[in-house]
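Okay, structure-v5.cif now, which holds mmCIF, C-alpha atoms and all ligand atoms:
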```
data_structure
#
loop_
_atom_site.label_atom_id
_atom_site.label_comp_id
_atom_site.auth_asym_id
_atom_site.auth_seq_id
_atom_site.Cartn_x
_atom_site.Cartn_y
_atom_site.Cartn_z
CA MET A 1 6.57 -25.66 46.90
CA SER A 2 8.28 -26.55 43.66
CA GLN A 3 11.13 -24.10 42.82
CA ILE A 4 9.64 -23.43 39.38
CA ALA A 5 6.57 -21.89 41.08
CA GLU A 6 8.53 -19.29 43.08
CA PRO A 7 8.02 -15.65 42.06
CA ILE A 8 11.03 -13.46 41.33
CA THR A 9 11.46 -9.74 40.62
CA ILE A 10 13.69 -7.93 38.11
CA ARG A 11 13.73 -4.12 38.45
CA ASN A 12 10.07 -3.48 39.46
CA VAL A 13 8.64 -6.35 37.39
CA THR A 14 7.49 -9.50 39.19
CA PHE A 15 7.53 -12.82 37.37
CA LYS A 16 4.91 -15.06 38.98
CA ASN A 17 6.94 -18.21 38.31
CA ARG A 18 10.26 -19.31 36.80
CA ILE A 19 8.98 -20.65 33.50
CA ILE A 20 9.81 -18.58 30.43
CA LYS A 21 8.68 -19.54 26.95
CA GLY A 22 11.80 -19.18 24.81
CA ALA A 23 11.50 -17.20 21.57
CA MET A 24 9.89 -19.07 18.70
CA SER A 25 9.34 -17.29 15.41
CA GLU A 26 5.57 -17.34 14.93
CA ALA A 27 5.65 -16.71 11.15
CA LEU A 28 2.12 -15.29 11.39
CA ALA A 29 2.59 -11.69 10.25
CA ASN A 30 1.73 -10.23 6.85
CA ARG A 31 4.40 -9.03 4.38
CA ALA A 32 4.49 -5.65 6.09
CA GLY A 33 5.49 -7.38 9.35
CA GLN A 34 2.39 -6.44 11.33
CA PRO A 35 1.12 -8.42 14.32
CA ASN A 36 -2.51 -9.55 14.10
CA ASP A 37 -5.29 -11.51 15.84
CA LEU A 38 -3.38 -14.79 15.42
CA HIS A 39 -0.56 -13.44 17.59
CA PHE A 40 -3.03 -12.22 20.18
CA GLY A 41 -4.83 -15.59 20.26
CA LEU A 42 -1.55 -17.47 20.58
CA TYR A 43 -0.14 -15.39 23.44
CA GLN A 44 -3.49 -15.44 25.21
CA ALA A 45 -3.45 -19.26 25.13
CA TRP A 46 0.01 -19.32 26.76
CA ALA A 47 -1.03 -16.67 29.28
CA GLN A 48 -4.13 -18.66 30.22
CA GLY A 49 -1.87 -21.68 30.67
CA GLY A 50 -0.16 -19.95 33.60
CA LEU A 51 3.07 -18.88 31.89
CA GLY A 52 5.27 -16.53 33.94
CA CYS A 53 6.95 -14.86 30.97
CA ALA A 54 6.82 -15.10 27.19
CA ILE A 55 9.70 -14.02 25.00
CA THR A 56 8.22 -13.37 21.58
CA GLY A 57 9.56 -14.85 18.38
CA ASN A 58 12.25 -12.69 16.89
CA VAL A 59 10.99 -9.30 15.71
CA MET A 60 12.95 -7.58 12.96
CA VAL A 61 14.34 -4.09 13.43
CA ASP A 62 14.62 -3.64 9.65
CA LEU A 63 11.92 -4.77 7.19
CA ARG A 64 14.60 -5.02 4.50
CA ALA A 65 16.28 -7.76 6.52
CA LYS A 66 13.81 -10.55 7.33
CA ASN A 67 15.02 -13.97 8.40
CA GLU A 68 11.86 -15.66 7.11
CA PRO A 69 8.42 -14.83 5.71
CA GLY A 70 5.80 -13.85 8.30
CA VAL A 71 8.04 -12.22 10.92
CA VAL A 72 6.92 -9.13 12.78
CA ALA A 73 8.96 -5.94 12.26
CA ILE A 74 9.08 -2.79 14.38
CA GLU A 75 10.60 0.18 12.59
CA SER A 76 8.35 2.96 13.89
CA GLU A 77 5.09 3.57 15.76
CA ARG A 78 3.11 2.41 12.71
CA ASP A 79 1.64 -0.59 14.61
CA LEU A 80 1.50 0.93 18.08
CA GLU A 81 -2.19 0.13 18.58
CA ARG A 82 -1.69 -3.53 17.60
CA LEU A 83 1.36 -3.78 19.84
CA LYS A 84 -0.62 -2.29 22.73
CA LYS A 85 -3.26 -4.97 22.24
CA TRP A 86 -0.53 -7.64 22.39
CA ALA A 87 1.06 -6.15 25.53
CA ASP A 88 -2.36 -5.91 27.21
CA ILE A 89 -2.81 -9.69 26.98
CA GLY A 90 0.19 -10.17 29.25
CA LYS A 91 -1.04 -7.54 31.69
CA LYS A 92 -4.51 -9.12 31.85
CA TYR A 93 -3.15 -12.53 32.87
CA GLY A 94 -0.01 -11.51 34.78
CA MET A 95 2.40 -12.82 32.13
CA VAL A 96 5.54 -10.73 31.59
CA GLN A 97 6.33 -10.25 27.89
CA LEU A 98 9.70 -9.44 26.36
CA ILE A 99 9.91 -8.70 22.64
CA GLN A 100 12.91 -10.38 21.06
CA LEU A 101 14.58 -7.80 18.80
CA SER A 102 16.68 -9.19 16.00
CA HIS A 103 18.60 -8.58 12.81
CA PRO A 104 19.48 -11.76 10.93
CA GLY A 105 22.49 -10.44 9.02
CA ARG A 106 23.58 -13.17 6.60
CA GLN A 107 20.97 -15.72 7.77
CA CYS A 108 18.25 -14.65 5.32
CA PRO A 109 17.04 -17.16 2.75
CA LYS A 110 17.70 -16.23 -0.89
CA GLY A 111 14.87 -14.40 -2.61
CA LEU A 112 13.27 -13.01 0.55
CA ASN A 113 15.13 -9.68 0.71
CA GLN A 114 16.76 -7.45 -1.91
CA GLU A 115 20.20 -8.17 -0.46
CA THR A 116 21.83 -9.56 2.66
CA VAL A 117 24.34 -7.73 4.78
CA ALA A 118 26.75 -8.92 7.46
CA PRO A 119 29.96 -7.86 9.23
CA SER A 120 31.94 -9.48 6.37
CA ALA A 121 31.23 -11.09 3.00
CA VAL A 122 31.73 -14.67 4.22
CA PRO A 123 29.98 -17.37 2.14
CA PHE A 124 28.07 -20.28 3.67
CA SER A 125 29.16 -23.91 3.53
CA PRO A 126 28.36 -25.43 0.08
CA MET A 127 25.21 -27.17 1.33
CA LEU A 128 23.70 -24.05 2.92
CA ALA A 129 24.91 -21.80 0.08
CA THR A 130 22.03 -23.17 -2.02
CA MET A 131 19.66 -21.48 0.46
CA PHE A 132 21.66 -18.47 1.68
CA ALA A 133 23.52 -15.90 -0.43
CA THR A 134 26.97 -14.54 0.35
CA PRO A 135 26.28 -11.25 2.15
CA ARG A 136 27.64 -7.79 1.44
CA GLU A 137 29.91 -6.26 4.09
CA LEU A 138 28.21 -3.52 6.13
CA HIS A 139 29.59 0.03 6.01
CA HIS A 140 30.36 1.81 9.28
CA GLU A 141 27.33 4.15 8.88
CA GLU A 142 25.03 1.17 8.27
CA ILE A 143 26.24 -0.44 11.49
CA LEU A 144 25.38 2.76 13.37
CA ASP A 145 21.94 2.77 11.70
CA ILE A 146 21.20 -0.80 12.86
CA ILE A 147 22.22 0.07 16.43
CA GLN A 148 19.80 2.98 16.35
CA ARG A 149 17.07 0.72 14.97
CA PHE A 150 17.34 -1.58 18.01
CA ALA A 151 16.97 1.48 20.27
CA ASP A 152 14.01 2.87 18.32
CA ALA A 153 12.21 -0.48 18.34
CA ALA A 154 12.78 -0.88 22.10
CA ARG A 155 11.32 2.57 22.72
CA VAL A 156 8.19 1.59 20.77
CA CYS A 157 7.94 -1.70 22.73
CA GLU A 158 8.01 0.21 26.01
CA LYS A 159 5.44 2.72 24.77
CA ALA A 160 3.17 -0.19 23.79
CA GLY A 161 3.38 -1.58 27.34
CA PHE A 162 5.83 -4.48 27.05
CA GLU A 163 7.92 -5.05 30.17
CA GLY A 164 11.15 -5.37 28.25
CA VAL A 165 13.07 -6.64 25.24
CA GLN A 166 15.54 -9.37 24.53
CA LEU A 167 18.39 -8.76 22.10
CA HIS A 168 18.91 -11.82 19.89
CA GLY A 169 22.63 -12.31 20.20
CA ALA A 170 22.64 -16.09 19.60
CA HIS A 171 22.17 -18.71 16.83
CA GLY A 172 24.32 -17.03 14.18
CA TYR A 173 22.18 -13.89 13.76
CA LEU A 174 23.81 -10.50 13.22
CA ILE A 175 25.01 -9.83 16.79
CA SER A 176 26.48 -13.32 16.96
CA GLN A 177 28.02 -12.83 13.48
CA PHE A 178 29.90 -9.84 14.89
CA LEU A 179 31.06 -11.94 17.86
CA SER A 180 32.39 -14.85 15.81
CA PRO A 181 35.79 -14.65 14.10
CA LEU A 182 34.40 -17.01 11.43
CA THR A 183 31.90 -14.43 10.20
CA ASN A 184 33.61 -11.22 11.32
CA LYS A 185 36.81 -10.56 9.37
CA ARG A 186 36.71 -6.78 9.78
CA GLN A 187 39.85 -4.75 10.36
CA ASP A 188 38.13 -1.67 11.81
CA GLN A 189 36.78 -1.02 15.34
CA TRP A 190 34.05 -3.66 14.80
CA GLY A 191 36.38 -6.60 14.18
CA GLY A 192 39.62 -8.26 15.27
CA SER A 193 40.00 -8.47 19.07
CA ILE A 194 37.08 -9.72 21.19
CA GLU A 195 36.76 -6.16 22.56
CA ASN A 196 36.09 -4.98 19.00
CA ARG A 197 33.84 -7.92 18.07
CA MET A 198 31.59 -7.33 21.11
CA ARG A 199 31.37 -3.57 20.47
CA PHE A 200 28.25 -3.97 18.32
CA LEU A 201 26.38 -5.80 21.13
CA LEU A 202 27.50 -3.31 23.79
CA GLU A 203 26.60 -0.31 21.66
CA ILE A 204 23.13 -1.78 21.06
CA TYR A 205 22.71 -2.41 24.78
CA HIS A 206 23.69 1.18 25.69
CA ALA A 207 21.47 2.65 22.96
CA VAL A 208 18.47 0.58 24.12
CA ARG A 209 19.09 1.52 27.76
CA ALA A 210 19.28 5.21 26.84
CA ALA A 211 16.02 4.97 24.85
CA THR A 212 13.97 3.33 27.63
CA SER A 213 13.11 3.98 31.27
CA GLU A 214 14.82 2.54 34.34
CA ASN A 215 12.22 -0.18 34.94
CA PHE A 216 12.46 -1.55 31.43
CA ILE A 217 14.03 -5.03 31.35
CA ILE A 218 16.82 -5.68 28.87
CA SER A 219 17.83 -9.26 28.24
CA VAL A 220 20.17 -10.86 25.73
CA LYS A 221 20.25 -14.38 24.30
CA LEU A 222 23.83 -15.53 23.84
CA ASN A 223 25.52 -18.67 22.63
CA SER A 224 27.63 -20.57 25.12
CA ALA A 225 29.36 -21.95 21.99
CA ASP A 226 28.86 -21.87 18.22
CA PHE A 227 29.88 -25.54 17.82
CA GLN A 228 31.97 -24.62 14.76
CA ARG A 229 35.67 -25.12 14.28
CA GLY A 230 37.36 -21.72 14.35
CA GLY A 231 34.29 -20.10 15.93
CA ILE A 232 34.22 -18.02 19.09
CA THR A 233 36.32 -19.56 21.88
CA GLU A 234 34.99 -20.25 25.36
CA GLU A 235 37.39 -17.65 26.75
CA ASP A 236 35.88 -15.03 24.44
CA VAL A 237 32.32 -16.12 25.29
CA ILE A 238 33.09 -15.65 28.98
CA ALA A 239 34.52 -12.19 28.25
CA VAL A 240 31.28 -11.26 26.45
CA PHE A 241 29.09 -12.50 29.33
CA LYS A 242 31.18 -10.51 31.82
CA ALA A 243 31.19 -7.33 29.73
CA ILE A 244 27.45 -7.25 29.07
CA ASP A 245 26.80 -8.06 32.72
CA GLN A 246 29.02 -5.19 33.86
CA ALA A 247 27.23 -2.90 31.42
CA GLY A 248 24.01 -3.63 33.35
CA ILE A 249 22.07 -6.31 31.46
CA ASP A 250 19.19 -7.78 33.52
CA LEU A 251 18.96 -11.29 32.15
CA ILE A 252 21.11 -13.50 29.95
CA GLU A 253 19.55 -16.51 28.22
CA VAL A 254 22.13 -19.20 27.56
CA SER A 255 21.82 -21.07 24.26
CA GLY A 256 24.16 -22.32 21.52
CA GLY A 257 24.56 -23.11 17.82
CA THR A 258 23.91 -21.48 14.44
CA TYR A 259 22.05 -22.48 11.25
CA GLU A 260 25.29 -24.21 10.21
CA ALA A 261 25.50 -26.17 13.50
CA PRO A 262 22.01 -26.13 15.06
CA ALA A 263 22.93 -27.14 18.62
CA MET A 264 20.07 -25.06 20.10
CA ALA A 265 17.75 -27.91 19.10
CA GLY A 266 19.97 -30.49 20.82
CA VAL A 267 23.36 -31.86 19.84
CA LYS A 268 23.35 -35.55 18.99
CA ALA A 269 23.02 -37.60 22.17
CA GLU A 270 26.25 -39.51 21.50
CA LYS A 271 28.19 -36.23 21.34
CA ARG A 272 26.88 -35.03 24.70
CA LYS A 273 28.58 -35.75 27.98
CA ALA A 274 26.80 -38.25 30.22
CA SER A 275 26.39 -35.53 32.87
CA THR A 276 24.55 -33.31 30.36
CA ILE A 277 22.22 -36.10 29.33
CA ALA A 278 21.48 -36.80 33.00
CA ARG A 279 20.54 -33.14 33.53
CA GLU A 280 18.64 -32.95 30.22
CA ALA A 281 19.30 -29.24 29.55
CA TYR A 282 21.95 -28.79 26.86
CA PHE A 283 23.66 -25.65 28.16
CA LEU A 284 23.42 -26.05 31.93
CA GLU A 285 27.08 -26.89 32.37
CA PHE A 286 28.08 -23.57 30.86
CA ALA A 287 25.60 -21.72 33.11
CA GLU A 288 27.19 -23.39 36.13
CA LYS A 289 30.60 -22.27 34.94
CA ILE A 290 29.61 -18.64 34.40
CA ARG A 291 27.21 -18.25 37.37
CA ASP A 292 29.70 -16.79 39.85
CA SER A 293 31.22 -14.40 37.31
CA VAL A 294 28.02 -12.47 36.57
CA GLN A 295 25.50 -10.56 38.72
CA CYS A 296 22.54 -10.67 36.33
CA LYS A 297 19.80 -13.30 36.25
CA LEU A 298 20.45 -16.36 34.09
CA MET A 299 18.04 -18.44 32.04
CA VAL A 300 18.92 -21.70 30.36
CA THR A 301 16.94 -22.91 27.34
CA GLY A 302 17.13 -26.16 25.42
CA GLY A 303 16.15 -29.66 26.46
CA PHE A 304 14.28 -29.10 29.74
CA ARG A 305 11.43 -31.63 29.87
CA SER A 306 11.02 -32.89 33.46
CA VAL A 307 9.93 -31.02 36.58
CA GLU A 308 12.72 -32.78 38.48
CA GLY A 309 15.36 -31.54 36.00
CA MET A 310 13.98 -27.98 36.14
CA ASN A 311 13.83 -27.84 39.93
CA ALA A 312 17.31 -29.33 40.22
CA ALA A 313 18.71 -26.65 37.89
CA LEU A 314 17.09 -23.86 39.93
CA GLN A 315 18.07 -25.41 43.25
CA SER A 316 21.72 -25.76 42.18
CA GLY A 317 21.75 -21.99 41.64
CA ALA A 318 23.05 -22.40 38.06
CA CYS A 319 20.09 -20.45 36.69
CA ASP A 320 17.14 -18.34 37.85
CA PHE A 321 14.74 -19.17 35.01
CA ILE A 322 13.85 -22.25 32.99
CA GLY A 323 13.49 -21.60 29.28
CA ILE A 324 11.25 -23.96 27.33
CA ALA A 325 10.35 -23.54 23.67
CA ARG A 326 9.13 -26.42 21.45
CA PRO A 327 6.84 -28.14 23.99
CA PHE A 328 4.79 -24.92 24.22
CA ALA A 329 3.84 -25.31 20.56
CA VAL A 330 1.87 -28.45 21.33
CA GLU A 331 0.96 -27.91 25.01
CA THR A 332 -0.36 -24.43 25.72
CA ASP A 333 -1.30 -25.33 29.33
CA LEU A 334 2.19 -26.66 30.05
CA THR A 335 2.99 -24.20 32.86
CA HIS A 336 -0.05 -25.20 34.93
CA ARG A 337 0.84 -28.84 34.44
CA LEU A 338 4.51 -28.40 35.38
CA ILE A 339 3.58 -26.53 38.54
CA ALA A 340 1.19 -29.38 39.36
CA GLY A 341 4.22 -31.70 39.14
CA GLN A 342 3.62 -33.23 35.70
CA ASP A 343 6.40 -33.46 33.08
CA VAL A 344 6.25 -32.32 29.45
CA LYS A 345 3.83 -34.74 27.73
CA TYR A 346 5.09 -34.75 24.14
CA ALA A 347 8.79 -35.43 23.60
CA VAL A 348 9.32 -33.19 20.57
CA LYS A 349 11.56 -34.89 18.06
CA PRO A 350 13.30 -33.21 15.14
CA ILE A 351 10.71 -32.53 12.45
CA LYS A 352 11.53 -34.79 9.48
CA THR A 353 9.80 -35.10 6.11
CA GLY A 354 11.93 -38.06 4.99
CA VAL A 355 13.39 -35.93 2.15
CA PRO A 356 17.11 -35.56 3.13
CA PHE A 357 17.73 -32.15 1.50
CA VAL A 358 14.63 -30.65 3.11
CA ASP A 359 15.37 -32.23 6.47
CA LYS A 360 18.78 -30.57 6.68
CA MET A 361 17.25 -27.10 6.49
CA ALA A 362 16.38 -25.20 9.67
CA VAL A 363 13.29 -23.84 7.86
CA MET A 364 11.51 -27.20 8.14
CA GLU A 365 11.34 -26.86 11.91
CA ILE A 366 10.03 -23.33 11.65
CA ILE A 367 7.14 -24.07 9.29
CA TRP A 368 5.87 -27.12 11.21
CA TYR A 369 5.74 -25.05 14.39
CA ALA A 370 4.17 -22.13 12.51
CA ALA A 371 1.29 -24.41 11.53
CA GLN A 372 0.74 -25.21 15.22
CA PHE A 373 0.88 -21.50 16.15
CA LYS A 374 -1.68 -20.67 13.48
CA ALA A 375 -4.08 -23.28 14.85
CA ILE A 376 -3.65 -22.07 18.44
CA GLY A 377 -4.01 -18.45 17.29
CA LYS A 378 -7.39 -19.39 15.79
CA GLY A 379 -8.48 -20.90 19.09
CA LYS A 380 -7.99 -24.52 17.94
CA LYS A 381 -5.96 -27.24 19.62
CA PRO A 382 -2.40 -27.91 18.40
CA ASN A 383 -1.77 -31.29 16.75
CA PRO A 384 1.47 -33.02 17.83
CA LYS A 385 0.94 -35.64 15.10
CA LEU A 386 0.73 -33.15 12.21
CA SER A 387 2.51 -34.56 9.11
CA PRO A 388 5.78 -32.66 8.40
CA LEU A 389 5.68 -33.66 4.72
CA LEU A 390 2.21 -32.18 4.29
CA VAL A 391 3.29 -28.97 6.00
CA PHE A 392 6.37 -28.74 3.77
CA LEU A 393 4.41 -29.28 0.56
CA ASN A 394 2.00 -26.50 1.50
CA TYR A 395 4.90 -24.20 2.33
CA ALA A 396 6.75 -24.98 -0.93
CA LYS A 397 3.58 -24.25 -2.93
CA GLY A 398 3.10 -20.86 -1.25
CA ASN A 399 6.75 -19.89 -1.58
CA VAL A 400 7.24 -20.87 -5.20
CA LYS A 401 4.45 -18.39 -5.95
CA ALA A 402 6.09 -15.71 -3.79
CA LEU A 403 9.49 -16.24 -5.38
CA ILE A 404 8.12 -16.04 -8.94
CA GLN A 405 6.18 -12.93 -7.95
CA GLY A 406 9.31 -11.44 -6.38
CA ARG A 407 11.26 -11.98 -9.63
CA ILE A 408 8.52 -10.32 -11.71
CA ASN A 409 8.37 -7.35 -9.32
CA SER A 410 12.11 -6.84 -9.31
CA ARG A 411 12.16 -6.95 -13.16
CA LYS A 412 9.36 -4.37 -13.25
CA SER A 413 11.20 -2.02 -10.90
CA ALA A 414 14.61 -2.52 -12.58
C1 LIG B 501 9.98 -23.01 15.41
C2 LIG B 501 11.09 -22.43 16.21
C3 LIG B 501 11.36 -21.08 16.11
C4 LIG B 501 12.38 -20.53 16.87
N1 LIG B 501 12.58 -19.19 16.78
C5 LIG B 501 13.51 -18.62 17.57
C6 LIG B 501 13.65 -17.22 17.59
O1 LIG B 501 12.95 -16.48 16.90
N2 LIG B 501 14.60 -16.70 18.40
C7 LIG B 501 15.40 -17.50 19.20
O2 LIG B 501 16.23 -16.97 19.93
N3 LIG B 501 15.26 -18.82 19.23
C8 LIG B 501 14.34 -19.41 18.44
N4 LIG B 501 14.15 -20.76 18.51
C9 LIG B 501 14.97 -21.56 19.46
C10 LIG B 501 14.27 -21.73 20.80
O3 LIG B 501 14.08 -20.49 21.47
C11 LIG B 501 15.06 -22.65 21.75
O4 LIG B 501 16.32 -22.07 21.99
C12 LIG B 501 15.22 -24.07 21.22
O5 LIG B 501 14.02 -24.54 20.63
C13 LIG B 501 15.63 -25.04 22.36
O6 LIG B 501 14.68 -25.06 23.39
P1 LIG B 501 13.65 -26.31 23.57
O7 LIG B 501 14.49 -27.57 23.63
O8 LIG B 501 12.92 -26.06 24.85
O9 LIG B 501 12.77 -26.30 22.37
C14 LIG B 501 13.16 -21.33 17.74
C15 LIG B 501 12.89 -22.70 17.82
C16 LIG B 501 11.87 -23.25 17.07
C17 LIG B 501 11.57 -24.72 17.19
#
```
Please express the file's structure as structure tokens.
Amino acid sequence: MSQIAEPITIRNVTFKNRIIKGAMSEALANRAGQPNDLHFGLYQAWAQGGLGCAITGNVMVDLRAKNEPGVVAIESERDLERLKKWADIGKKYGMVQLIQLSHPGRQCPKGLNQETVAPSAVPFSPMLATMFATPRELHHEEILDIIQRFADAARVCEKAGFEGVQLHGAHGYLISQFLSPLTNKRQDQWGGSIENRMRFLLEIYHAVRAATSENFIISVKLNSADFQRGGITEEDVIAVFKAIDQAGIDLIEVSGGTYEAPAMAGVKAEKRKASTIAREAYFLEFAEKIRDSVQCKLMVTGGFRSVEGMNAALQSGACDFIGIARPFAVETDLTHRLIAGQDVKYAVKPIKTGVPFVDKMAVMEIIWYAAQFKAIGKGKKPNPKLSPLLVFLNYAKGNVKALIQGRINSRKSA
């Protein structure tokens, strides 16, 4: 039997195979951040395709801080019935579901929220500053409020029937902003030493654990590196992995990169070591390095495309789960096919419109995939050949309207 097909148990939850769909923002919710039939249709398609576990796209813990239009938010039990419906899909098909809880901090496009907040008021690089505003530094009480929001949202997820949550601690979002000395310049107990910079993550973990029962799975997605000069060092990353493991985390997903250095989607081939290219997964080497220092289960996401590469990673013991994201947007039955010994069919390439300014923005990737998710959610087939330019033009049209409307509304309320 192929290693990817072997079941595994965390707490009292059995995963029927080792394939986990990595979080991908669905961008399908309404402005109030509510899940709907499109989400249910999408997750049902993946469940019917044999998936062992789905990690949802990132779900906001604060509606005032959205990373993009169309994200789901959980601030209370307002949408409990809808969330129950979502959780039931997993139960029906034996697919474990973890809700990815997130706060984007500074990584919110201009015009979407009233303001952006972050550990410190650090501006973006000139190119990204056209898209992202310089954030306001969070007050101590606001930090405590966000920690509580993660716990409250996790409690609602458990009540709805989800098997667990994943804390989004990677890709330059708020938790990772606290971890990085580039974005965290604080002098109080939340900044400075690595012990202080990881306090936010650890406090969230403890608050979520206290708010949920003992069989509830808590995972975290962490960067193995930020790929930015002056960013978090490998020594500090290892300290974070060890600390969260000792605190009792169940599963760490290994990733890397930020909006400013998007390595999660694959660093340029020429910059990667030959050994990494041979093993296809971008962050496997780091998983191998950390494996013996942590007790928890490990998942590696980014680049896995062949059954041979996936089985080799599991067999080496470097990780317990294979994370796959983009291919699931165009192949909903991928898990069945992998277990039958077939590789990923469509080699997803970076989504390019041919317009350089647009192509440098992470948002382009998100909207092309969102169009696929919408089609799947409606019960249609995804289209790997969908034109990125067409998708972008539709998006720009919709968002110009929203931005103008936003300006009018804020003038009215001023
Ligand atoms: C459209 C899109 C949305 C994504 N949204 C999220 C997200 O909400 N949270 C997250 O942790 N990663 C997100 N990712 C990153 C993926 O989880 C994954 O780390 C990355 O795509 C590399 O895996 P792959 O090579 O298998 O696609 C997203 C990626 C894409 C393409």
Cut-off 6 Å, only C-alpha atoms and all ligand atoms, neighbours of ligand LIG 501 (chain B) as a compact mmCIF listing (two decimals) with C-alpha atoms, keeping the file's coordinate frame:
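Wrote it out as part-v9.txt, contents follow:
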```txt
# COMPACT_ATOMS: atom_id res chain seq x y z
CA GLY A 22 11.80 -19.18 24.81
CA ALA A 23 11.50 -17.20 21.57
CA MET A 24 9.89 -19.07 18.70
CA SER A 25 9.34 -17.29 15.41
CA GLY A 57 9.56 -14.85 18.38
CA ASN A 58 12.25 -12.69 16.89
CA HIS A 168 18.91 -11.82 19.89
CA MET A 264 20.07 -25.06 20.10
CA ALA A 265 17.75 -27.91 19.10
CA THR A 301 16.94 -22.91 27.34
CA GLY A 302 17.13 -26.16 25.42
CA GLY A 303 16.15 -29.66 26.46
CA PHE A 304 14.28 -29.10 29.74
CA ILE A 324 11.25 -23.96 27.33
CA ALA A 325 10.35 -23.54 23.67
CA ARG A 326 9.13 -26.42 21.45
CA GLU A 365 11.34 -26.86 11.91
CA ILE A 366 10.03 -23.33 11.65
CA TYR A 369 5.74 -25.05 14.39
```
- Query: What gap, in Å, lies between CA of Thr130 in chain A and CA of Pro109 in chain A?
  - Reply: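 CA of Pro109 in chain A lies 9.2 Å from CA of Thr130 in chain A.
You will find CA of Gly111 in chain A at 14.8 Å from CA of Tyr395 in chain A.
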- So how far away is CA of Glu195 in chain A from CA of Ala243 in chain A, in Å?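 About the pair CA of Ala243 in chain A and CA of Glu195 in chain A: they are 9.2 Å apart.
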- Query: Near Gly248 in chain A, within 9 Å and counting only C-alpha atoms, which residues show up once chain neighbours fewer than 5 positions away are dropped, as a PyMOL selection string?
  - Reply: chain A and resi 205+218+243+295-296
Which residues come within 8 Å of Val344 in chain A, counting only C-alpha atoms, excluding same-chain residues fewer than 2 positions away, as a PDB file with C-alpha atoms, keeping the file's coordinate frame?
```pdb
ATOM      1  CA  ARG A 305      11.430 -31.630  29.870  1.00  0.00           C
ATOM      2  CA  SER A 306      11.020 -32.890  33.460  1.00  0.00           C
ATOM      3  CA  PRO A 327       6.840 -28.140  23.990  1.00  0.00           C
ATOM      4  CA  LEU A 334       2.190 -26.660  30.050  1.00  0.00           C
ATOM      5  CA  LEU A 338       4.510 -28.400  35.380  1.00  0.00           C
ATOM      6  CA  GLN A 342       3.620 -33.230  35.700  1.00  0.00           C
ATOM      7  CA  TYR A 346       5.090 -34.750  24.140  1.00  0.00           C
ATOM      8  CA  ALA A 347       8.790 -35.430  23.600  1.00  0.00           C
TER       9      ALA A 347
END
```
